[in-house]
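Dumped protein_16.tsv below, it's TSV, C-alpha atoms:
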```
chain	number	residue	atom	x	y	z
R	22	MET	CA	108.00	107.52	72.89
R	23	GLN	CA	110.31	108.46	75.77
R	24	ILE	CA	109.54	107.26	79.27
R	25	ARG	CA	111.45	108.55	82.27
R	26	ILE	CA	112.07	106.17	85.10
R	27	ASN	CA	111.87	107.63	88.59
R	28	THR	CA	114.72	106.18	90.61
R	29	ARG	CA	113.69	108.02	93.77
R	30	LEU	CA	111.58	106.03	96.17
R	31	ASN	CA	108.00	107.07	96.80
R	32	THR	CA	106.33	107.07	100.19
R	33	ARG	CA	104.56	103.79	99.44
R	34	SER	CA	107.79	101.92	98.81
R	35	PRO	CA	108.26	99.08	101.34
R	36	LEU	CA	111.99	99.82	101.43
R	37	LEU	CA	111.45	103.50	102.24
R	38	GLN	CA	108.96	102.58	104.94
R	39	LEU	CA	111.48	100.19	106.46
R	40	LEU	CA	114.25	102.79	106.32
R	41	LEU	CA	111.98	105.41	107.90
R	42	ILE	CA	111.17	103.01	110.74
R	43	LEU	CA	114.88	102.34	111.24
R	44	GLU	CA	115.56	106.09	111.18
R	45	TRP	CA	112.97	106.83	113.85
R	46	ILE	CA	114.27	103.96	116.02
R	47	LEU	CA	117.80	105.36	115.87
R	48	LEU	CA	116.60	108.89	116.59
R	49	GLY	CA	114.51	107.56	119.46
R	50	LEU	CA	117.58	105.89	120.95
R	51	VAL	CA	119.50	109.18	120.70
R	52	ALA	CA	116.64	111.10	122.37
R	53	ILE	CA	116.26	108.55	125.20
R	54	THR	CA	120.02	108.50	125.82
R	55	GLN	CA	120.00	112.28	126.21
R	56	ILE	CA	117.49	112.00	129.03
R	57	LEU	CA	119.37	109.18	130.75
R	58	VAL	CA	122.75	110.98	130.80
R	59	ALA	CA	121.37	114.45	131.52
R	60	ASN	CA	122.94	114.80	134.94
R	61	LYS	CA	126.35	113.54	133.82
R	62	PHE	CA	127.09	115.60	130.71
R	63	ASN	CA	124.22	118.07	130.13
R	64	SER	CA	122.03	120.37	132.12
R	65	PRO	CA	118.23	120.11	131.81
R	66	THR	CA	118.25	123.21	129.58
R	67	ASP	CA	120.81	121.62	127.28
R	68	VAL	CA	118.76	118.42	127.16
R	69	ILE	CA	115.67	120.32	126.09
R	70	SER	CA	117.68	122.19	123.45
R	71	ASN	CA	119.14	118.94	122.15
R	72	GLU	CA	115.76	117.21	122.07
R	73	ILE	CA	114.40	120.09	119.97
R	74	GLY	CA	117.39	119.73	117.64
R	75	ILE	CA	116.77	115.98	117.31
R	76	LEU	CA	113.11	116.68	116.54
R	77	ILE	CA	114.10	119.17	113.82
R	78	PHE	CA	116.51	116.61	112.40
R	79	ALA	CA	113.70	114.03	112.40
R	80	VAL	CA	111.33	116.41	110.59
R	81	LEU	CA	113.91	116.82	107.83
R	82	GLY	CA	113.47	113.15	107.01
R	83	VAL	CA	109.77	113.48	106.22
R	84	ALA	CA	110.38	114.64	102.64
R	85	PHE	CA	113.37	114.76	100.34
R	86	PRO	CA	114.03	117.67	97.97
R	87	LEU	CA	113.81	117.14	94.20
R	88	VAL	CA	115.86	120.03	92.81
R	89	PRO	CA	119.67	119.46	92.87
R	90	LEU	CA	120.31	122.88	94.50
R	91	HIS	CA	117.79	122.10	97.21
R	92	LYS	CA	119.49	118.73	97.77
R	93	LEU	CA	122.78	120.51	98.40
R	94	LEU	CA	121.18	122.91	100.88
R	95	TYR	CA	119.40	119.97	102.51
R	96	ILE	CA	122.69	118.09	103.02
R	97	ILE	CA	124.43	121.20	104.35
R	98	ALA	CA	121.57	121.75	106.80
R	99	GLU	CA	121.86	118.16	108.05
R	100	PHE	CA	125.62	118.34	108.58
R	101	THR	CA	125.30	121.73	110.30
R	102	LEU	CA	122.60	120.45	112.64
R	103	ILE	CA	124.57	117.31	113.53
R	104	PHE	CA	127.75	119.28	114.21
R	105	TRP	CA	125.80	121.72	116.39
R	106	LEU	CA	124.23	118.87	118.38
R	107	THR	CA	127.59	117.09	118.71
R	108	LEU	CA	130.09	119.90	119.30
R	109	LYS	CA	127.89	122.46	121.06
R	110	GLY	CA	125.13	120.32	122.50
R	111	ASN	CA	127.52	117.56	123.58
R	112	ILE	CA	124.94	115.00	122.48
R	113	SER	CA	125.62	111.33	123.10
R	114	LEU	CA	125.41	108.62	120.40
R	115	PHE	CA	126.00	111.22	117.71
R	116	GLN	CA	127.20	108.35	115.50
R	117	LEU	CA	123.59	107.27	115.07
R	118	LEU	CA	122.75	110.67	113.60
R	119	PHE	CA	125.39	110.14	110.94
R	120	ILE	CA	123.95	106.69	110.21
R	121	VAL	CA	120.55	108.34	109.68
R	122	LEU	CA	122.21	110.93	107.43
R	123	VAL	CA	123.81	108.16	105.35
R	124	ILE	CA	120.46	106.41	104.99
R	125	ARG	CA	118.82	109.61	103.72
R	126	ASN	CA	121.77	110.34	101.45
R	127	CYS	CA	121.58	106.87	99.84
R	128	VAL	CA	117.87	107.31	99.14
R	129	MET	CA	118.14	110.86	97.84
R	130	LEU	CA	121.39	110.89	95.82
R	131	GLU	CA	122.90	108.76	93.07
R	132	GLY	CA	126.33	107.67	91.86
R	133	ARG	CA	129.37	109.62	92.96
R	134	SER	CA	127.33	112.15	94.92
R	135	ARG	CA	126.05	109.36	97.13
R	136	SER	CA	129.55	107.96	97.76
R	137	SER	CA	131.00	111.44	98.36
R	138	VAL	CA	128.46	112.31	101.04
R	139	THR	CA	128.96	108.89	102.71
R	140	GLY	CA	132.72	109.47	102.81
R	141	LEU	CA	132.19	112.98	104.17
R	142	ALA	CA	129.94	111.57	106.88
R	143	LEU	CA	132.65	109.12	107.95
R	144	PHE	CA	135.23	111.92	108.03
R	145	SER	CA	132.84	114.04	110.12
R	146	VAL	CA	132.52	111.20	112.62
R	147	LEU	CA	136.32	111.26	112.94
R	148	ILE	CA	136.22	115.03	113.65
R	149	CYS	CA	133.54	114.59	116.31
R	150	ILE	CA	135.41	111.71	117.96
R	151	THR	CA	138.60	113.78	118.08
R	152	ASP	CA	136.69	116.61	119.77
R	153	ARG	CA	135.18	114.20	122.30
R	154	MET	CA	138.55	112.72	123.14
R	155	ARG	CA	139.91	116.21	123.85
R	156	SER	CA	136.98	117.18	126.05
R	157	GLN	CA	136.80	113.70	127.67
R	158	SER	CA	132.98	113.88	127.44
R	159	LEU	CA	132.62	110.26	126.41
R	160	LEU	CA	129.68	108.04	127.22
R	161	VAL	CA	132.09	105.15	127.84
R	162	GLN	CA	135.48	105.79	129.44
R	163	ILE	CA	138.37	103.93	127.85
R	164	ASP	CA	141.82	103.05	129.08
R	165	ARG	CA	144.28	105.53	127.59
R	166	ASP	CA	146.59	102.78	126.43
R	167	ARG	CA	143.80	101.34	124.30
R	168	THR	CA	142.09	104.55	123.19
R	169	LEU	CA	143.67	104.69	119.73
R	170	LEU	CA	143.05	101.01	119.05
R	171	TYR	CA	139.46	101.33	120.24
R	172	TRP	CA	138.57	104.29	118.06
R	173	VAL	CA	140.33	102.90	114.99
R	174	GLY	CA	138.30	99.73	115.38
R	175	PHE	CA	135.17	101.78	115.94
R	176	LEU	CA	135.76	103.84	112.80
R	177	ILE	CA	136.37	100.71	110.75
R	178	MET	CA	133.15	99.19	112.08
R	179	LEU	CA	131.20	102.39	111.44
R	180	GLY	CA	132.69	102.63	107.94
R	181	LEU	CA	131.54	99.08	107.23
R	182	VAL	CA	128.07	99.99	108.50
R	183	PHE	CA	127.99	103.00	106.17
R	184	LEU	CA	129.17	100.86	103.26
R	185	PHE	CA	126.61	98.17	104.02
R	186	LEU	CA	123.78	100.71	104.18
R	187	GLN	CA	124.84	102.28	100.90
R	188	LEU	CA	125.12	98.93	99.12
R	189	LEU	CA	121.77	97.81	100.57
R	190	VAL	CA	119.92	100.90	99.38
R	191	GLU	CA	121.68	100.88	95.99
R	192	SER	CA	120.69	97.24	95.52
R	193	ALA	CA	117.09	97.94	96.48
R	194	LEU	CA	116.89	101.00	94.21
R	195	SER	CA	118.47	99.06	91.35
R	196	GLU	CA	115.97	96.26	91.80
R	197	ARG	CA	113.11	98.73	91.88
R	198	LYS	CA	114.42	100.47	88.77
R	199	SER	CA	114.71	97.12	86.97
R	200	ARG	CA	111.16	96.29	88.02
R	201	GLU	CA	109.91	99.60	86.65
R	202	GLU	CA	111.80	99.07	83.41
R	203	LEU	CA	110.29	95.59	83.13
R	204	LEU	CA	106.80	96.97	83.70
R	205	ILE	CA	107.40	99.65	81.07
R	206	ALA	CA	108.76	97.04	78.64
R	207	ASN	CA	105.71	94.84	79.26
R	208	LYS	CA	103.46	97.82	78.69
R	209	ARG	CA	105.24	98.63	75.45
R	210	LEU	CA	105.01	95.01	74.30
R	211	THR	CA	101.30	95.01	75.08
R	212	GLU	CA	100.84	98.22	73.11
R	213	TYR	CA	102.89	96.87	70.20
R	214	ALA	CA	100.95	93.60	70.25
R	215	THR	CA	97.69	95.54	70.19
R	216	GLN	CA	98.94	97.67	67.29
R	217	ILE	CA	100.07	94.58	65.38
R	218	GLU	CA	96.73	92.93	66.02
R	219	GLU	CA	94.86	96.00	64.83
R	220	LEU	CA	97.10	96.27	61.77
R	221	ALA	CA	96.63	92.59	60.97
R	222	THR	CA	92.87	92.99	61.37
R	223	VAL	CA	92.81	95.97	59.02
R	224	GLN	CA	94.94	94.15	56.45
R	225	GLU	CA	92.76	91.06	56.74
R	226	ARG	CA	89.63	93.14	56.18
R	227	ASN	CA	91.23	94.89	53.22
R	228	ARG	CA	92.23	91.54	51.76
R	229	ILE	CA	88.73	90.15	52.18
R	230	ALA	CA	87.23	93.34	50.74
R	231	ARG	CA	89.47	93.06	47.71
R	232	GLU	CA	88.58	89.40	47.26
R	233	ILE	CA	84.88	90.18	47.51
R	234	HIS	CA	85.30	92.96	44.97
R	235	ASP	CA	87.38	90.87	42.58
R	236	SER	CA	85.68	87.49	42.84
R	237	LEU	CA	82.19	87.97	44.25
R	238	GLY	CA	81.66	91.22	42.36
R	239	HIS	CA	82.77	89.60	39.11
R	240	SER	CA	80.52	86.59	39.69
R	241	LEU	CA	77.48	88.73	40.49
R	242	THR	CA	78.09	90.99	37.50
R	243	GLY	CA	78.25	87.97	35.22
R	244	PHE	CA	75.18	86.52	36.95
R	245	ASN	CA	73.21	89.72	36.29
R	246	LEU	CA	74.28	89.87	32.61
R	247	HIS	CA	73.29	86.24	32.04
R	248	LEU	CA	69.87	86.86	33.56
R	249	GLU	CA	69.31	89.93	31.38
R	250	ALA	CA	70.33	88.02	28.24
R	251	ALA	CA	68.13	85.05	29.21
R	252	LEU	CA	65.11	87.33	29.64
R	253	ARG	CA	65.66	88.83	26.20
R	254	LEU	CA	65.98	85.41	24.53
R	255	LEU	CA	63.33	83.64	26.56
R	256	GLN	CA	60.63	84.01	23.85
R	257	SER	CA	62.68	83.95	20.66
R	258	GLU	CA	65.41	81.38	21.55
R	259	PRO	CA	64.33	79.38	24.59
R	260	ASP	CA	67.17	76.83	24.27
R	261	GLU	CA	69.84	79.50	24.40
R	262	ALA	CA	67.99	81.26	27.23
R	263	LYS	CA	68.00	77.98	29.16
R	264	GLN	CA	71.74	77.64	28.65
R	265	LEU	CA	72.25	81.18	29.91
R	266	LEU	CA	70.16	80.39	32.99
R	267	LEU	CA	72.29	77.30	33.68
R	268	GLU	CA	75.42	79.39	33.42
R	269	ALA	CA	73.85	81.99	35.71
R	270	LYS	CA	73.09	79.23	38.21
R	271	GLN	CA	76.74	78.18	38.08
R	272	LEU	CA	77.84	81.78	38.66
R	273	GLY	CA	75.42	81.97	41.59
R	274	SER	CA	76.97	78.83	43.12
R	275	THR	CA	80.42	80.32	42.66
R	276	ALA	CA	79.34	83.55	44.33
R	277	LEU	CA	77.83	81.58	47.21
R	278	LYS	CA	81.14	79.77	47.71
R	279	GLU	CA	82.95	83.10	47.76
R	280	VAL	CA	80.56	84.40	50.41
R	281	ARG	CA	81.06	81.30	52.54
R	282	ALA	CA	84.83	81.61	52.20
R	283	SER	CA	84.71	85.28	53.24
R	284	VAL	CA	82.45	84.54	56.21
R	285	SER	CA	84.76	81.71	57.25
R	286	ALA	CA	87.75	84.04	57.10
R	287	LEU	CA	85.94	86.60	59.29
R	288	ARG	CA	85.12	84.15	62.06
R	289	SER	CA	86.92	84.91	65.30
R	290	GLU	CA	86.68	81.24	66.34
R	291	PRO	CA	87.19	79.29	63.13
R	292	LEU	CA	87.57	75.94	64.89
R	293	GLU	CA	84.06	76.31	66.42
R	294	GLY	CA	84.88	73.95	69.27
R	295	ARG	CA	86.30	71.26	67.00
R	296	SER	CA	89.73	69.71	67.37
R	297	LEU	CA	92.48	71.11	65.16
R	298	LYS	CA	92.82	67.85	63.25
R	299	LEU	CA	89.08	67.63	62.57
R	300	ALA	CA	88.88	71.33	61.59
R	301	ILE	CA	91.73	70.97	59.07
R	302	GLN	CA	90.25	67.77	57.64
R	303	SER	CA	86.87	69.49	57.18
R	304	LEU	CA	88.61	72.43	55.51
R	305	VAL	CA	90.49	70.10	53.16
R	306	GLU	CA	87.35	68.11	52.31
R	307	GLU	CA	85.49	71.30	51.42
R	308	PHE	CA	88.47	72.44	49.36
R	309	GLN	CA	88.55	69.14	47.47
R	310	ARG	CA	84.80	69.23	46.75
R	311	SER	CA	84.87	72.80	45.47
R	312	THR	CA	88.07	72.60	43.41
R	313	GLY	CA	88.40	68.95	42.45
R	314	ILE	CA	92.04	69.00	43.56
R	315	THR	CA	93.12	65.76	45.24
R	316	SER	CA	94.18	66.41	48.82
R	317	GLN	CA	95.90	64.37	51.51
R	318	THR	CA	96.44	65.07	55.22
R	319	ASP	CA	98.94	63.64	57.70
R	320	ILE	CA	98.25	65.08	61.16
R	321	ASP	CA	99.46	63.72	64.49
R	322	ASP	CA	96.62	62.40	66.63
R	323	PHE	CA	98.05	63.79	69.89
R	324	ILE	CA	98.19	67.40	68.67
R	325	ASP	CA	94.79	68.17	70.17
R	326	SER	CA	95.60	66.36	73.42
R	327	ASP	CA	98.85	68.32	73.90
R	328	ARG	CA	98.02	71.00	76.46
R	329	GLN	CA	101.12	72.98	75.53
R	330	ILE	CA	99.56	73.93	72.18
R	331	SER	CA	97.45	76.98	72.99
R	332	PRO	CA	94.10	77.75	71.35
R	333	GLN	CA	95.71	80.84	69.80
R	334	LEU	CA	98.37	78.70	68.10
R	335	LYS	CA	95.76	76.24	66.86
R	336	THR	CA	93.81	79.11	65.31
R	337	ILE	CA	96.98	80.40	63.62
R	338	VAL	CA	97.73	76.94	62.17
R	339	TYR	CA	94.16	76.70	60.87
R	340	ARG	CA	94.39	80.15	59.25
R	341	ILE	CA	97.69	79.25	57.58
R	342	VAL	CA	96.14	76.11	56.06
R	343	GLN	CA	93.06	78.07	55.02
R	344	GLU	CA	95.06	80.82	53.35
R	345	SER	CA	97.35	78.33	51.63
R	346	LEU	CA	94.42	76.40	50.16
R	347	THR	CA	92.84	79.67	48.98
R	348	ASN	CA	96.05	80.64	47.18
R	349	ILE	CA	96.37	77.15	45.67
R	350	SER	CA	92.84	77.22	44.30
R	351	LYS	CA	93.33	80.65	42.74
R	352	HIS	CA	96.87	80.62	41.40
R	353	SER	CA	98.69	77.29	41.50
R	354	GLN	CA	96.88	75.19	38.84
R	355	ALA	CA	97.76	72.20	41.03
R	356	SER	CA	96.23	68.72	40.91
R	357	PHE	CA	97.47	67.48	44.28
R	358	VAL	CA	97.95	68.98	47.75
R	359	ASN	CA	99.57	67.38	50.79
R	360	ILE	CA	99.14	68.79	54.31
R	361	SER	CA	101.18	67.49	57.25
R	362	CYS	CA	101.28	68.59	60.89
R	363	HIS	CA	103.69	67.07	63.41
R	364	VAL	CA	105.26	67.78	66.77
R	365	LYS	CA	108.95	66.93	67.26
R	366	ASN	CA	111.25	68.02	70.10
R	367	GLN	CA	108.77	70.61	71.38
R	368	GLU	CA	108.41	72.09	67.88
R	369	LEU	CA	105.14	72.17	65.97
R	370	GLU	CA	105.56	72.05	62.18
R	371	ILE	CA	102.81	72.51	59.62
R	372	ALA	CA	103.60	72.00	55.91
R	373	ILE	CA	101.36	72.58	52.85
R	374	GLU	CA	102.78	71.34	49.55
R	375	ASP	CA	101.26	71.38	46.06
R	376	ASN	CA	102.40	70.28	42.59
R	377	GLY	CA	101.31	73.45	40.83
R	378	LYS	CA	103.16	75.85	38.60
R	379	GLY	CA	104.97	77.62	41.44
R	380	PHE	CA	106.12	81.23	41.31
R	381	ASP	CA	109.11	83.50	41.70
R	382	ILE	CA	109.56	83.98	45.45
R	383	THR	CA	111.38	87.30	44.96
R	384	GLN	CA	108.38	88.86	43.22
R	385	ASN	CA	105.42	87.50	45.16
R	386	VAL	CA	106.20	87.91	48.85
R	387	SER	CA	104.10	91.04	49.31
R	388	GLY	CA	100.71	89.54	48.49
R	389	PHE	CA	97.97	89.72	51.08
R	390	GLY	CA	97.94	85.93	51.57
R	391	LEU	CA	101.66	85.42	52.19
R	392	GLN	CA	101.92	88.66	54.15
R	393	GLY	CA	99.04	87.60	56.38
R	394	MET	CA	100.68	84.23	57.05
R	395	GLN	CA	104.00	85.90	57.90
R	396	GLU	CA	102.31	88.26	60.36
R	397	ARG	CA	100.45	85.41	62.06
R	398	VAL	CA	103.63	83.35	62.45
R	399	MET	CA	105.70	86.30	63.70
R	400	ALA	CA	103.02	87.15	66.30
R	401	VAL	CA	103.95	83.96	68.19
R	402	SER	CA	107.69	84.08	67.40
R	403	GLY	CA	107.46	81.33	64.80
R	404	ASN	CA	109.28	80.82	61.52
R	405	LEU	CA	107.76	80.73	58.02
R	406	GLU	CA	109.60	79.17	55.11
R	407	ILE	CA	108.44	79.16	51.47
R	408	LYS	CA	110.03	76.83	48.94
R	409	THR	CA	108.94	77.38	45.34
R	410	SER	CA	110.10	78.04	41.81
R	411	HIS	CA	108.51	78.14	38.38
R	412	GLY	CA	107.21	74.70	37.40
R	413	ASN	CA	108.14	73.00	40.70
R	414	GLY	CA	105.10	73.66	42.85
R	415	CYS	CA	105.17	75.34	46.25
R	416	LYS	CA	105.79	74.20	49.80
R	417	ILE	CA	104.94	76.38	52.81
R	418	ILE	CA	106.42	75.36	56.15
R	419	ALA	CA	105.57	77.06	59.45
R	420	ARG	CA	107.47	76.11	62.63
R	421	PHE	CA	106.63	77.07	66.18
R	422	ARG	CA	109.18	76.35	68.93
R	423	ASN	CA	108.83	76.02	72.69
R	424	ILE	CA	105.16	75.21	72.49
```

As a first step, turn the structure in this file into structure tokens.
Amino acid sequence: MQIRINTRLNTRSPLLQLLLILEWILLGLVAITQILVANKFNSPTDVISNEIGILIFAVLGVAFPLVPLHKLLYIIAEFTLIFWLTLKGNISLFQLLFIVLVIRNCVMLEGRSRSSVTGLALFSVLICITDRMRSQSLLVQIDRDRTLLYWVGFLIMLGLVFLFLQLLVESALSERKSREELLIANKRLTEYATQIEELATVQERNRIAREIHDSLGHSLTGFNLHLEAALRLLQSEPDEAKQLLLEAKQLGSTALKEVRASVSALRSEPLEGRSLKLAIQSLVEEFQRSTGITSQTDIDDFIDSDRQISPQLKTIVYRIVQESLTNISKHSQASFVNISCHVKNQELEIAIEDNGKGFDITQNVSGFGLQGMQERVMAVSGNLEIKTSHGNGCKIIARFRNI
């Protein structure tokens, strides 16, 4: 996915609105000055002609061209109009027109093109000043002995003004571009998070579907076969039929447990308003009753009172414990399980350890259970560590920093 960032300001940009206001103020000063000095330097006809030229120059600032060729023509038109107003129209405060030109140039152009036009504008000011000194049509008369010093100082000041305007607009455009990039990055992260969530949901449903097919389907098939056999033997061998019915009852209980486990896994709010400590203890107690595996918990009391631990993180911790206990009951052949949950140095750590047969970590990392845990931990920038080997049990440690 390729997203293009528009570095050109739109009409709703606060910076562009401020620059437009500044531009119109400067042009207004030029127009007012023309009226005030009409009798000294210009005839009424010249004043009207100049005012029309200023108006045309102002209209050019309403919209900026997009095509590079049009930008070049636009800049040429601005310079031509300013030179005409300055050299032919003998307009006063022509320096302000160049300041307006620099403002537009900084908004419209980028990189070297922007600096080149700014430098050209400063050089043009020098040309216009030289022409004014020759014609002596200056708004302020200066002592000849100080003329050179005055105009050198003026050019330096004007150059600093041009530089300041360029740096100001570049900084504002850079900030706006960074803001747009940040918004795009946030949008991408949101889209990626949604995709990961959808993928995790699909994988979770597939895992549950496979478990239902493998465990619940097997239990119900056996349940149905036992019932059929019991019906056949009910009259001829009632004792054996009774035994088959007892076995069918056991299969039914197993199937019911599988259904409850699947429903529990599908719950969007597994804690159901309970504290994390109480929810894990209830989960462990149910696990111990159904499997006969001795279990022990060591959970900090202040975990639920810590406001920095979000509900989302609590749900993830609960799911990790739930998935770990499911894997232990199915594969580990363990007789003891220890679950600990502590907070140290702004890091939440949950550990589930059993004394089962363990497994080869290089060959069993792609299972639905471990994969689901890894995805949950990665979703909140956590870390999952699995320590296991054949005959040495398994220990799953999940750490979450900056909670």

Closest of R:Ile418, R:Ala98, R:Ala300, R:Ile75 to Thr336 of chain R - atom-to-atom distances counting only C-alpha atoms: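 For Thr336 of chain R, the nearest of the given residues is R:Ala300.
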
task: Give me the residues within 12 Å of Gly294 of chain R as an NGL selection string, counting only C-alpha atoms and dropping any in the same chain fewer than 5 places off.
output: :R and (289 or 299-300 or 325 or 332 or 335-336)

message: as a count of residues only, please: the residues near Ile324 of chain R (cut-off 12 Å, only C-alpha atoms, same-chain neighbours under 2 positions excluded).
response: 29

Centre and size of axis-aligned box enclosing segment 254-262 of chain R plus 5 Å each side, as AutoDock Vina command-line options:
```
--center_x 65.2 --center_y 81.1 --center_z 23.9 --size_x 19.2 --size_y 18.6 --size_z 16.6
```

message: So that I can check the surroundings of Val401 of chain R, please list as an MDAnalysis selection string every protein, DNA and RNA residue that reaches within 9 Å of it, counting only C-alpha atoms and ignoring chain neighbours fewer than 4 positions away.
response: chainID R and resid 333:334 397 421

message: Counting all atoms listed in the file, which residue out of R:Leu272, R:Leu252, R:Leu39, R:Ala400 sits closest to Ala193 of chain R?
response: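 Using all atoms listed in the file, Ala193 of chain R sits closest to R:Leu39.
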
- request: Rounded to one decimal place, report the atom CA of Ser350 of chain R-atom CA of Glu279 of chain R distance in Å.
  value: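 So the answer is 12.0 Å.
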